[in-house]
Every structure is written in structure tokens, then in C-alpha cells.
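J.: TSV, C-alpha atoms, saved as upload.tsv, coming up:
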```tsv
chain	number	residue	atom	x	y	z
A	441	MET	CA	9.16	5.96	25.59
A	442	LEU	CA	6.97	5.80	22.56
A	443	PHE	CA	6.52	3.25	19.83
A	444	VAL	CA	6.30	3.47	16.07
A	445	GLY	CA	7.76	0.18	14.88
A	446	MET	CA	5.37	-1.39	12.44
A	447	LEU	CA	2.77	1.37	12.83
A	448	VAL	CA	4.60	3.65	10.42
A	449	VAL	CA	2.52	4.06	7.30
A	450	GLY	CA	4.12	2.46	4.25
A	451	CYS	CA	4.69	4.38	1.09
A	452	GLY	CA	3.60	3.42	-2.39
A	453	PRO	CA	5.86	2.65	-5.32
A	454	SER	CA	5.71	6.23	-6.59
A	455	ALA	CA	7.17	7.54	-3.33
A	456	LEU	CA	10.00	5.02	-3.60
A	457	SER	CA	10.95	6.23	-7.07
A	458	VAL	CA	11.13	9.96	-6.19
A	459	PRO	CA	14.77	11.16	-6.27
A	460	VAL	CA	16.33	11.75	-2.86
A	461	GLU	CA	18.15	15.08	-2.55
A	462	GLY	CA	19.08	14.71	1.09
A	463	LEU	CA	18.99	12.43	4.10
A	464	GLU	CA	18.64	13.27	7.76
A	465	LEU	CA	19.51	10.78	10.48
A	466	GLN	CA	18.72	11.53	14.10
A	467	ALA	CA	19.57	9.59	17.23
A	468	THR	CA	19.84	10.52	20.88
A	469	GLY	CA	21.98	13.66	20.96
A	470	LEU	CA	22.91	13.46	17.26
A	471	ASP	CA	21.46	15.23	14.21
A	472	VAL	CA	23.11	14.36	10.87
A	473	ARG	CA	22.23	15.81	7.45
A	474	VAL	CA	23.74	14.77	4.10
A	475	THR	CA	23.01	16.17	0.64
A	476	SER	CA	23.01	14.09	-2.54
A	477	GLY	CA	26.35	15.70	-3.39
A	478	GLY	CA	27.81	14.10	-0.28
A	479	LYS	CA	28.21	17.23	1.81
A	480	GLY	CA	27.19	16.57	5.38
A	481	SER	CA	26.86	18.29	8.71
A	482	TYR	CA	26.05	17.26	12.25
A	483	VAL	CA	25.37	18.56	15.72
A	484	SER	CA	26.03	16.32	18.69
A	485	GLY	CA	25.21	16.64	22.34
A	486	ILE	CA	22.43	18.44	24.12
A	487	PRO	CA	20.51	20.74	21.77
A	488	ASP	CA	21.81	24.27	22.07
A	489	PRO	CA	20.87	27.04	19.60
A	490	SER	CA	24.36	28.55	19.86
A	491	ARG	CA	26.09	25.28	18.95
A	492	LYS	CA	27.55	25.29	15.44
A	493	ARG	CA	27.06	22.41	13.03
A	494	LYS	CA	30.27	20.60	12.09
A	495	THR	CA	30.76	19.61	8.47
A	496	PHE	CA	32.10	16.55	6.67
A	497	GLU	CA	32.14	15.24	3.12
A	498	ILE	CA	31.50	11.73	1.82
A	499	GLY	CA	31.07	12.67	-1.85
A	500	PRO	CA	28.30	11.60	-4.24
A	501	LEU	CA	29.38	7.95	-4.14
A	502	GLY	CA	29.37	8.00	-0.35
A	503	PHE	CA	25.85	9.43	-0.46
A	504	GLN	CA	24.78	6.62	-2.81
A	505	ARG	CA	26.24	4.05	-0.39
A	506	LEU	CA	24.42	5.71	2.51
A	507	LEU	CA	21.19	5.81	0.49
A	508	LYS	CA	21.54	2.11	-0.30
A	509	SER	CA	22.16	1.27	3.38
A	510	VAL	CA	18.94	2.98	4.51
A	511	GLU	CA	16.88	1.66	1.58
A	512	PRO	CA	15.38	-1.28	3.56
A	513	PHE	CA	13.64	1.25	5.82
A	514	ARG	CA	12.29	3.53	3.08
A	515	SER	CA	9.29	1.33	2.30
A	516	LYS	CA	8.32	1.55	6.01
A	517	ALA	CA	8.58	5.36	6.10
A	518	GLY	CA	5.58	7.65	6.23
A	519	PRO	CA	4.86	11.34	5.67
A	520	THR	CA	7.10	13.19	8.12
A	521	GLY	CA	4.51	15.28	9.96
A	522	LYS	CA	2.00	12.47	10.47
A	523	THR	CA	4.67	9.90	11.34
A	524	VAL	CA	6.24	12.13	13.99
A	525	GLU	CA	2.80	12.86	15.48
A	526	ARG	CA	2.00	9.14	15.56
A	527	PHE	CA	5.37	8.34	17.17
A	528	LEU	CA	4.83	10.92	19.90
A	529	ALA	CA	1.28	9.76	20.57
A	530	THR	CA	1.85	5.99	20.59
A	531	ALA	CA	3.25	4.00	23.50
A	532	CYS	CA	5.01	0.67	23.26
A	533	PRO	CA	2.44	-2.13	23.64
A	534	LYS	CA	2.30	-3.57	27.17
A	535	ASP	CA	2.80	-7.17	26.04
A	536	VAL	CA	6.32	-6.69	24.58
A	537	PRO	CA	9.72	-6.19	26.26
A	538	PHE	CA	10.42	-2.50	26.78
A	539	VAL	CA	13.21	-0.41	28.26
A	540	THR	CA	13.21	3.36	28.52
A	541	ASP	CA	16.92	4.06	28.11
A	542	HIS	CA	17.65	3.01	24.51
A	543	GLY	CA	16.45	6.13	22.68
A	544	SER	CA	15.39	6.17	19.04
A	545	ILE	CA	16.79	6.57	15.54
A	546	SER	CA	15.07	8.16	12.58
A	547	VAL	CA	15.90	8.32	8.89
A	548	ARG	CA	14.31	11.07	6.80
A	549	TRP	CA	14.31	11.15	2.99
A	550	MET	CA	13.96	14.62	1.45
A	551	GLY	CA	13.61	15.98	-2.07
A	552	LYS	CA	11.20	17.74	-4.39
A	553	SER	CA	7.77	16.50	-3.32
A	554	LEU	CA	9.49	14.04	-0.95
A	555	ASP	CA	9.50	14.27	2.84
A	556	ARG	CA	9.20	10.86	4.52
A	557	VAL	CA	10.60	9.48	7.74
A	558	PHE	CA	11.12	6.13	9.44
A	559	ILE	CA	11.39	6.19	13.23
A	560	ALA	CA	12.54	3.29	15.38
A	561	ASP	CA	12.13	3.24	19.16
A	562	LEU	CA	15.21	1.20	20.13
A	563	GLY	CA	13.77	0.22	23.50
A	564	CYS	CA	10.39	-1.08	22.37
A	565	ASP	CA	10.40	-4.82	21.64
A	566	TYR	CA	14.19	-4.59	21.63
A	567	VAL	CA	14.63	-8.39	21.57
A	568	ARG	CA	12.66	-8.94	18.38
A	569	ASN	CA	14.01	-5.72	16.82
A	570	ARG	CA	17.65	-6.33	17.76
A	571	SER	CA	18.83	-6.91	14.19
A	572	ARG	CA	17.04	-3.79	12.92
A	573	ASN	CA	18.41	-1.68	15.77
A	574	GLU	CA	21.96	-2.93	15.23
A	575	GLN	CA	21.65	-2.23	11.50
A	576	LEU	CA	20.52	1.37	12.14
A	577	LEU	CA	23.35	1.97	14.64
A	578	ALA	CA	25.86	0.46	12.19
A	579	ILE	CA	24.71	2.88	9.48
A	580	LEU	CA	25.50	5.81	11.77
A	581	LYS	CA	28.96	4.34	12.45
A	582	THR	CA	29.78	4.45	8.72
A	583	LEU	CA	29.62	8.24	8.84
A	584	PRO	CA	32.40	10.52	10.16
A	585	VAL	CA	30.24	11.66	13.08
A	586	PRO	CA	30.29	10.98	16.84
A	587	ASN	CA	28.31	8.10	18.32
A	588	PRO	CA	24.83	8.88	19.59
A	589	GLU	CA	24.74	10.08	23.19
A	590	PRO	CA	23.87	7.56	25.87
A	591	TRP	CA	20.33	7.96	27.14
A	592	PRO	CA	20.36	9.96	30.40
```
Kindly present the structure from the file in C-alpha cells form.

T.:
Amino acid sequence: MLFVGMLVVGCGPSALSVPVEGLELQATGLDVRVTSGGKGSYVSGIPDPSRKRKTFEIGPLGFQRLLKSVEPFRSKAGPTGKTVERFLATACPKDVPFVTDHGSISVRWMGKSLDRVFIADLGCDYVRNRSRNEQLLAILKTLPVPNPEPWP
């Protein structure tokens, strides 16, 4: 399992003020996308190219509520490509509690000239990050989508 935690590059004030046109939330076996108009879709389970995305709608106000709920993580997000590379290349430090079966959750903010992501390894330093992890899982539960899959 890999670690991003506090290593994610922060974004400056200008990146925080760029309008968000869509959000993407990913967890183990779950890929959720929501537009600023509140139209959403998801795929759950093992990735399969033939699997169709299921749709839902939360409306513009629902999108604003979702945006507000993920706002605490936006300042910790980094450019998507570099952040994903860093996540995949970085292991959890040896001096912190670590389990391999908790998976991860990511939140991606998208828009014109905006593509930033926050990734949390739920198993790395899970004691200290318990509140953060519970908050991220609770955000997913506010959406009309299945729960993330248990880690195999």
C-alpha cells in the first residue's frame, strides 16, 4: 500500500478560487463523477470495460453541498498527474501504523484550467488519520451510490 497523506502538494489561493465544473470520487471498487449541474454517474465493482455507468441526480444544490463537504481537502490537493505518480511511488513510512486492507479514497476537482486531486491511503497511519478517513467515507455515504468494495 502506498502513502500520500501530507506529501500531497498544496495549491495556492488562485487554484482554490477556480470554479469547479465537476468532481470525481474514487474508492476501492467505486468510481463516482458529478457535474456542477448535479448529474452524476458511478461504476461499482471490479473494473470491467463492458460495465455500464449508472446515473443519479443530486441537482445543483446537491452539488454545492458535496463541494462544500470536500472543501477541507482541496487545499491539500495537487496537480492530478504528479499527485497520482507520487502516490504510486511513495510507501507508508515504516514508523507509523499501517494495514494493507483499507484501500484509498481520492477526490478530484475538475474545470477549465483545473485538474487537482487529493488522495488518502486509508491504511497508512490509520490511527492518527481516523477522523479524516471517517469524514471521507461519510461523504461517499451522502451520495446515492453503493458503498466502496471491501479490500480483497

J.: Around all the atoms of region 560-569 of chain A listed in the file, draw an axis-aligned box and extend it by 5 Å on each of the six sides; I want its centre and edge lengths in Å to one decimal, as AutoDock Vina command-line options.

T.:
```
--center_x 12.8 --center_y -2.8 --center_z 19.4 --size_x 14.8 --size_y 22.2 --size_z 18.1
```

J.: Could you list, with a cut-off of 12 Å and counting only C-alpha atoms, the residues of region 498-530 of chain A near region 561-571 of chain A, each shown with its nearest atom pair and the distance in Å rounded to one decimal, rows sorted by chain and ascending number, as CSV?

T.:
```
residue,atom,partner,partner_atom,distance
A:Val524,CA,A:Asp561,CA,11.9
A:Phe527,CA,A:Asp561,CA,8.7
A:Leu528,CA,A:Asp561,CA,10.6
A:Thr530,CA,A:Asp561,CA,10.7
```

J.: Using all atoms listed in the file for the distances, tell me which of A:Arg514, A:Ile498, A:Val539, A:Pro459 is nearest to Arg473 (chain A).

T.: A:Ile498

J.: Between CA of Leu554 (chain A) and CA of Val458 (chain A), what is the distance, to one decimal in Å?

T.: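 Here the two named atoms are 6.8 Å from each other.
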
J.: Any idea what's packed within 8 Å of Thr523 (chain A), counting all atoms listed in the file, ignoring anything in its chain fewer than 2 positions away? Could you give it as a PDB file with C-alpha atoms, in the frame of the given file?

T.:
```
ATOM      1  CA  VAL A 448       4.600   3.650  10.420  1.00  0.00           C
ATOM      2  CA  VAL A 449       2.520   4.060   7.300  1.00  0.00           C
ATOM      3  CA  ALA A 517       8.580   5.360   6.100  1.00  0.00           C
ATOM      4  CA  GLY A 518       5.580   7.650   6.230  1.00  0.00           C
ATOM      5  CA  PRO A 519       4.860  11.340   5.670  1.00  0.00           C
ATOM      6  CA  THR A 520       7.100  13.190   8.120  1.00  0.00           C
ATOM      7  CA  GLY A 521       4.510  15.280   9.960  1.00  0.00           C
ATOM      8  CA  GLU A 525       2.800  12.860  15.480  1.00  0.00           C
ATOM      9  CA  ARG A 526       2.000   9.140  15.560  1.00  0.00           C
ATOM     10  CA  PHE A 527       5.370   8.340  17.170  1.00  0.00           C
ATOM     11  CA  VAL A 557      10.600   9.480   7.740  1.00  0.00           C
ATOM     12  CA  PHE A 558      11.120   6.130   9.440  1.00  0.00           C
ATOM     13  CA  ILE A 559      11.390   6.190  13.230  1.00  0.00           C
TER      14      ILE A 559
END
```

J.: Between A:Ser476, A:Asn587, A:Ser484, A:Ser544, which one has atoms that come closest to Arg572 (chain A), using only C-alpha atoms?

T.: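 Of A:Ser476, A:Asn587, A:Ser484, A:Ser544, the one nearest Arg572 (chain A), counting only C-alpha atoms, is A:Ser544.
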
J.: Which is closest to Ser457 (chain A) among A:Arg491, A:Ser553, A:Gly477, A:Val472, if we use all atoms listed in the file?

T.: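 Residue with the minimum atom-to-atom distance to Ser457 (chain A): A:Ser553.
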
J.: When you draw a straight line from CA of Ile545 (chain A) to CA of Gly502 (chain A), how long is it in Å?

T.: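 We find that CA of Ile545 (chain A) and CA of Gly502 (chain A) lie 20.3 Å from each other.
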
J.: What's the separation between CA of Gly543 (chain A) and CA of Leu463 (chain A), in Å to one decimal place?

T.: 19.8 Å

J.: Using only C-alpha atoms, which residue out of A:Pro489, A:Pro500, A:Gly478, A:Pro537 lies closest to Pro584 (chain A)?

T.: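 Closest candidate: A:Gly478.
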
J.: Go through A:Val585, A:Val474, A:Leu506, A:Ala560 and flag the residue nearest Asn573 (chain A), using only C-alpha atoms for the distances.

T.: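 Closest residue, counting only C-alpha atoms: A:Ala560.
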
J.: Just checking: using all atoms listed in the file, which residue out of A:Pro588, A:Pro533, A:Gly551, A:Gly462 ends up closest to Lys479 (chain A)?

T.: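 Counting all atoms listed in the file, the residue closest to Lys479 (chain A) is A:Gly462.
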
J.: What lies within 8 Å of Gly469 (chain A) using only C-alpha atoms, ignoring chain neighbours under 3 positions off, as number ranges by chain?

T.: A: 466, 483-487, 588-589
